[in-house]
>>> print(open('target-v8.pdb').read())   # PDB, C-alpha atoms
ATOM      1  CA  MET A   1      11.706  14.687  26.186
ATOM      2  CA  GLY A   2      13.101  11.179  25.672
ATOM      3  CA  SER A   3      11.825   8.370  23.481
ATOM      4  CA  THR A   4       9.469   5.732  24.827
ATOM      5  CA  GLU A   5       8.372   2.339  23.565
ATOM      6  CA  ASP A   6       4.992   1.956  21.874
ATOM      7  CA  HIS A   7       2.775  -1.120  22.191
ATOM      8  CA  HIS A   8       4.592  -2.777  19.243
ATOM      9  CA  GLY A   9       7.880  -2.616  21.150
ATOM     10  CA  HIS A  10       9.363   0.050  18.841
ATOM     11  CA  ASP A  11      10.868   3.273  20.153
ATOM     12  CA  TYR A  12       8.527   6.224  19.745
ATOM     13  CA  HIS A  13      10.127   9.619  19.213
ATOM     14  CA  PRO A  14       7.906  12.677  19.816
ATOM     15  CA  GLN A  15       7.271  14.753  16.692
ATOM     16  CA  ASP A  16       7.130  18.522  16.230
ATOM     17  CA  THR A  17       3.400  19.097  15.746
ATOM     18  CA  ILE A  18       3.604  22.762  14.728
ATOM     19  CA  ALA A  19       6.369  22.293  12.151
ATOM     20  CA  ARG A  20       4.627  19.306  10.559
ATOM     21  CA  THR A  21       1.303  21.174  10.513
ATOM     22  CA  PHE A  22       2.830  24.194   8.724
ATOM     23  CA  LYS A  23       4.534  21.924   6.199
ATOM     24  CA  THR A  24       1.337  19.995   5.430
ATOM     25  CA  THR A  25      -0.713  23.209   5.277
ATOM     26  CA  GLY A  26       1.644  24.607   2.652
ATOM     27  CA  LEU A  27       1.518  21.407   0.630
ATOM     28  CA  THR A  28      -2.268  21.010   0.679
ATOM     29  CA  GLY A  29      -2.709  24.760   0.124
ATOM     30  CA  PHE A  30      -0.623  24.443  -3.040
ATOM     31  CA  VAL A  31      -2.817  21.536  -4.183
ATOM     32  CA  GLY A  32      -5.865  23.704  -3.442
ATOM     33  CA  LEU A  33      -4.355  26.524  -5.520
ATOM     34  CA  PHE A  34      -3.926  24.117  -8.414
ATOM     35  CA  ALA A  35      -7.530  22.878  -8.059
ATOM     36  CA  SER A  36      -8.755  26.485  -7.895
ATOM     37  CA  ALA A  37      -6.794  27.331 -11.049
ATOM     38  CA  VAL A  38      -8.428  24.391 -12.841
ATOM     39  CA  GLN A  39     -11.876  25.588 -11.705
ATOM     40  CA  ASN A  40     -11.051  29.101 -12.903
ATOM     41  CA  THR A  41      -9.912  27.791 -16.283
ATOM     42  CA  LEU A  42     -13.092  25.783 -16.776
ATOM     43  CA  ALA A  43     -15.381  28.719 -15.969
ATOM     44  CA  LYS A  44     -17.595  29.865 -18.863
ATOM     45  CA  GLN A  45     -16.952  33.576 -18.360
ATOM     46  CA  ASN A  46     -13.489  35.146 -18.441
ATOM     47  CA  LEU A  47     -12.583  35.957 -14.835
ATOM     48  CA  GLY A  48      -8.940  36.855 -15.355
ATOM     49  CA  ALA A  49      -5.960  35.694 -13.345
ATOM     50  CA  TRP A  50      -7.400  36.917 -10.030
ATOM     51  CA  GLY A  51     -10.408  34.635 -10.463
ATOM     52  CA  VAL A  52      -8.284  31.934  -8.823
ATOM     53  CA  VAL A  53      -8.601  33.902  -5.569
ATOM     54  CA  THR A  54     -11.831  35.878  -6.008
ATOM     55  CA  ARG A  55     -14.104  33.209  -7.514
ATOM     56  CA  SER A  56     -12.737  29.837  -6.386
ATOM     57  CA  GLY A  57     -10.455  30.906  -3.525
ATOM     58  CA  GLY A  58     -12.581  28.923  -1.094
ATOM     59  CA  THR A  59     -11.103  25.755  -2.592
ATOM     60  CA  ILE A  60      -7.627  26.877  -1.504
ATOM     61  CA  GLY A  61      -8.894  27.530   2.030
ATOM     62  CA  ILE A  62     -10.653  24.173   2.299
ATOM     63  CA  PHE A  63      -7.628  22.220   1.095
ATOM     64  CA  ALA A  64      -5.246  24.129   3.380
ATOM     65  CA  SER A  65      -7.501  23.823   6.440
ATOM     66  CA  MET A  66      -8.108  20.110   5.812
ATOM     67  CA  GLY A  67      -4.370  19.463   5.581
ATOM     68  CA  ALA A  68      -3.631  21.535   8.683
ATOM     69  CA  THR A  69      -6.381  19.857  10.719
ATOM     70  CA  TYR A  70      -5.393  16.354   9.603
ATOM     71  CA  GLU A  71      -1.694  16.769  10.385
ATOM     72  CA  PHE A  72      -2.259  18.589  13.687
ATOM     73  CA  VAL A  73      -4.735  16.020  15.028
ATOM     74  CA  LYS A  74      -2.736  13.025  13.763
ATOM     75  CA  THR A  75       0.592  14.217  15.205
ATOM     76  CA  SER A  76      -0.936  15.427  18.475
ATOM     77  CA  SER A  77      -2.686  12.084  18.913
ATOM     78  CA  ALA A  78       0.548  10.201  18.237
ATOM     79  CA  ASN A  79       2.441  12.335  20.767
ATOM     80  CA  LEU A  80      -0.240  11.998  23.440
ATOM     81  CA  ARG A  81      -0.629   8.243  22.964
ATOM     82  CA  GLU A  82       3.129   7.756  22.324
ATOM     83  CA  THR A  83       2.184   5.363  19.540
ATOM     84  CA  GLN A  84       2.374   5.590  15.756
ATOM     85  CA  ASP A  85      -0.545   3.583  14.323
ATOM     86  CA  HIS A  86      -3.662   3.707  12.159
ATOM     87  CA  TRP A  87      -5.840   5.180  14.934
ATOM     88  CA  ASN A  88      -3.971   8.487  14.717
ATOM     89  CA  VAL A  89      -4.599   8.593  10.964
ATOM     90  CA  ALA A  90      -8.283   7.752  11.406
ATOM     91  CA  LEU A  91      -8.686  10.505  14.011
ATOM     92  CA  GLY A  92      -7.002  13.018  11.701
ATOM     93  CA  GLY A  93      -9.263  11.875   8.875
ATOM     94  CA  LEU A  94     -12.358  12.341  11.066
ATOM     95  CA  PHE A  95     -11.595  15.991  11.830
ATOM     96  CA  SER A  96     -10.356  16.916   8.342
ATOM     97  CA  GLY A  97     -13.388  15.234   6.775
ATOM     98  CA  ALA A  98     -15.607  17.303   9.047
ATOM     99  CA  ILE A  99     -13.956  20.444   7.588
ATOM    100  CA  LEU A 100     -15.021  19.244   4.125
ATOM    101  CA  GLY A 101     -18.562  18.698   5.424
ATOM    102  CA  LEU A 102     -18.725  22.309   6.681
ATOM    103  CA  LYS A 103     -19.521  23.473   3.139
ATOM    104  CA  ALA A 104     -23.027  21.953   3.438
ATOM    105  CA  ARG A 105     -23.505  23.665   6.845
ATOM    106  CA  THR A 106     -25.299  20.679   8.362
ATOM    107  CA  PHE A 107     -24.203  18.444  11.224
ATOM    108  CA  PRO A 108     -25.020  15.174   9.382
ATOM    109  CA  SER A 109     -22.830  16.306   6.480
ATOM    110  CA  MET A 110     -19.921  17.042   8.824
ATOM    111  CA  LEU A 111     -20.369  13.706  10.587
ATOM    112  CA  GLY A 112     -20.761  11.770   7.331
ATOM    113  CA  HIS A 113     -17.750  13.306   5.600
ATOM    114  CA  GLY A 114     -15.641  12.895   8.745
ATOM    115  CA  ALA A 115     -16.632   9.253   9.266
ATOM    116  CA  ALA A 116     -16.087   8.375   5.600
ATOM    117  CA  LEU A 117     -12.621   9.918   5.500
ATOM    118  CA  ALA A 118     -11.704   8.398   8.876
ATOM    119  CA  ILE A 119     -12.711   4.900   7.757
ATOM    120  CA  PHE A 120     -10.968   5.214   4.394
ATOM    121  CA  MET A 121      -7.698   6.649   5.732
ATOM    122  CA  GLY A 122      -7.621   4.427   8.811
ATOM    123  CA  ALA A 123      -8.164   1.301   6.693
ATOM    124  CA  PHE A 124      -5.533   2.449   4.183
ATOM    125  CA  GLU A 125      -2.967   2.957   6.958
ATOM    126  CA  TYR A 126      -3.948  -0.317   8.671
ATOM    127  CA  THR A 127      -3.333  -2.302   5.477
ATOM    128  CA  GLY A 128       0.156  -0.891   4.977
ATOM    129  CA  GLY A 129      -0.328   2.745   4.055
ATOM    130  CA  SER A 130       0.955   2.273   0.526
ATOM    131  CA  LEU A 131      -0.424   1.446  -2.893
ATOM    132  CA  TYR A 132       2.639  -0.765  -3.349
ATOM    133  CA  GLY A 133       1.948  -3.019  -0.369
ATOM    134  CA  PRO A 134       3.194  -3.010   3.232
ATOM    135  CA  LYS A 135       6.295  -1.034   4.159
ATOM    136  CA  ARG A 136       9.561  -2.960   4.350
ATOM    137  CA  ASP A 137      11.313  -3.279   7.697
ATOM    138  CA  PRO A 138      14.539  -1.237   7.348
ATOM    139  CA  HIS A 139      16.322  -3.572   9.778
ATOM    140  CA  VAL A 140      15.837  -6.671   7.566
ATOM    141  CA  ASP A 141      18.359  -7.344   4.798
ATOM    142  CA  GLU A 142      16.511  -7.328   1.452
ATOM    143  CA  PHE A 143      18.553 -10.202  -0.045
ATOM    144  CA  GLU A 144      17.898 -12.444   2.964
ATOM    145  CA  ARG A 145      14.183 -11.556   2.916
ATOM    146  CA  ARG A 146      13.836 -12.465  -0.766
ATOM    147  CA  GLU A 147      15.846 -15.657  -0.324
ATOM    148  CA  LYS A 148      13.564 -16.679   2.543
ATOM    149  CA  LEU A 149      10.456 -15.959   0.432
ATOM    150  CA  ARG A 150      11.921 -17.962  -2.461
ATOM    151  CA  THR A 151      12.627 -21.039  -0.343
ATOM    152  CA  GLN A 152       9.733 -20.791   2.133
ATOM    153  CA  TRP A 153       7.130 -22.532  -0.015
ATOM    154  CA  ARG A 154       9.430 -24.667  -2.148
ATOM    155  CA  THR A 155       8.145 -28.241  -2.555
ATOM    156  CA  PRO A 156      10.541 -31.157  -3.153
ATOM    157  CA  GLY A 157      10.426 -32.589  -6.700
ATOM    158  CA  GLU A 158       9.461 -36.071  -5.496
ATOM    159  CA  GLN A 159       6.422 -34.672  -3.641
ATOM    160  CA  THR A 160       5.320 -32.691  -6.719
ATOM    161  CA  LEU A 161       5.576 -35.811  -8.920
ATOM    162  CA  ALA A 162       3.668 -37.892  -6.373
ATOM    163  CA  GLU A 163       0.840 -35.322  -6.110
ATOM    164  CA  LEU A 164       0.511 -34.234  -9.758
ATOM    165  CA  GLY A 165       1.983 -37.105 -11.738
ATOM    166  CA  GLU A 166       4.146 -36.745 -14.828
ATOM    167  CA  GLY A 167       3.229 -34.578 -17.799
ATOM    168  CA  ARG A 168       2.499 -30.884 -18.392
ATOM    169  CA  GLY A 169       6.216 -30.107 -18.223
ATOM    170  CA  ILE A 170       6.812 -32.141 -15.027
ATOM    171  CA  TYR A 171       8.964 -35.209 -15.706
ATOM    172  CA  GLY A 172      10.942 -37.368 -13.299
ATOM    173  CA  PRO A 173      14.270 -39.135 -13.936
ATOM    174  CA  GLY A 174      13.993 -41.974 -16.494
ATOM    175  CA  TYR A 175      10.792 -40.608 -18.013
ATOM    176  CA  LYS A 176      11.891 -41.193 -21.625
ATOM    177  CA  GLU A 177      12.664 -44.864 -20.971
ATOM    178  CA  ARG A 178       9.335 -45.433 -19.188
ATOM    179  CA  ARG A 179       7.455 -43.678 -22.005
ATOM    180  CA  ALA A 180       9.215 -45.751 -24.665
ATOM    181  CA  GLU A 181       8.351 -48.940 -22.744
ATOM    182  CA  ARG A 182       4.668 -47.984 -22.468
ATOM    183  CA  ILE A 183       4.424 -47.183 -26.203
ATOM    184  CA  LYS A 184       6.131 -50.468 -27.094
ATOM    185  CA  GLU A 185       3.709 -52.434 -24.879
ATOM    186  CA  ALA A 186       0.615 -50.645 -26.152
ATOM    187  CA  TYR A 187       1.407 -50.247 -29.864
ATOM    188  CA  GLY A 188       4.506 -52.351 -30.524
ATOM    189  CA  ILE A 189       6.498 -49.346 -31.767
ATOM    190  CA  GLU A 190      10.168 -48.811 -30.879
ATOM    191  CA  VAL A 191      10.733 -45.197 -29.736
ATOM    192  CA  PRO A 192      14.350 -43.997 -29.468
ATOM    193  CA  THR A 193      15.159 -42.585 -26.019
ATOM    194  CA  SER A 194      18.186 -40.569 -27.134
ATOM    195  CA  ALA A 195      18.302 -37.768 -29.687
ATOM    196  CA  PRO A 196      19.553 -38.825 -33.149
ATOM    197  CA  ALA A 197      23.155 -37.961 -33.895
ATOM    198  CA  ALA A 198      23.683 -34.839 -35.978
ATOM    199  CA  SER A 199      24.776 -35.630 -39.535
TER
END
>>> encode(input="target-v8.pdb", output="structure tokens")
Amino acid sequence: MGSTEDHHGHDYHPQDTIARTFKTTGLTGFVGLFASAVQNTLAKQNLGAWGVVTRSGGTIGIFASMGATYEFVKTSSANLRETQDHWNVALGGLFSGAILGLKARTFPSMLGHGAALAIFMGAFEYTGGSLYGPKRDPHVDEFERREKLRTQWRTPGEQTLAELGEGRGIYGPGYKERRAERIKEAYGIEVPTSAPAAS
């Protein structure tokens, strides 16, 4: 199966849904095991080591099934639509959130949890999918990108002086001479414009 172009003009390469689902299931199952161990530790009565499975084992199952559902739906949607975007993530979030809502055993709970997770994850992916801002384009040289950002909004010195005036650390050429002239006119005091020679 060859690659096709998505609606952004990028090449889309089909992904192995089953392999990705197994990988995500293992990862989220491990997180569920950790959460179950924490629950077991915080229990008032001593349940022993097997309490992780016997008492709070449902946590492991929920985490694993949520991860499996999310990854399967997201990857399947991407392969069917031949597009990698935030809609796939939102769809995965809808179904995995519904798994979380199954604990309450009511349809509104399933719908509410699914919609909340879909909105949150879809919005997160839409805004860049990272806590550190949007992903960098690997085809753009980082030095050139930073140089462009540095010079993109640079204002000429003459324009800054004209808009803000002198002072507050912004001084044009000949400022000392103009300042000395103003002080002499206003107060009759001679102000040296050059630094005194070191003795």
>>> resolve_selection(input="target-v8.pdb", expression="the PyMOL selection byres ((chain A and resi 26) around 12)", output="VMD selection string")
chain A and resid 19 to 25 27 to 33 60 to 61 63 to 68 71
>>> closest_residue(input="target-v8.pdb", among="A:Arg178, A:Ile18, A:Arg150, A:Ile183", to="A:Glu166", atoms="all atoms listed in the file")
A:Arg178
>>> atom_distance(input="target-v8.pdb", atom1="atom CA of A:Tyr187", atom2="atom CA of A:Ala162")
26.6 Å
>>> closest_residue(input="target-v8.pdb", among="A:Leu42, A:Ala180, A:Ala98, A:Val191", to="A:Gly114", atoms="only C-alpha atoms")
A:Ala98
>>> closest_residue(input="target-v8.pdb", among="A:Ser36, A:Thr127, A:Thr155, A:Thr59", to="A:Asp85", atoms="all atoms listed in the file")
A:Thr127
>>> atom_distance(input="target-v8.pdb", atom1="atom CA of A:Lys184", atom2="atom CA of A:Gly165")
20.8 Å
>>> residues_around(input="target-v8.pdb", residues="A:Thr75", least_positions_apart="5", cutoff="9 Å", atoms="all atoms listed in the file", output="list in words")
Pro14, Gln15, Asp16, Thr17, Arg20, Thr21, Tyr70, Leu80, Gln84, Asn88, Val89 and Gly92 of chain A
>>> resolve_selection(input="target-v8.pdb", expression="the PyMOL selection byres ((chain A and resi 115) around 12)", output="ChimeraX atom specification")
/A:90-101,108-114,116-123
>>> atom_distance(input="target-v8.pdb", atom1="atom CA of A:Lys74", atom2="atom CA of A:Leu102")
19.8 Å
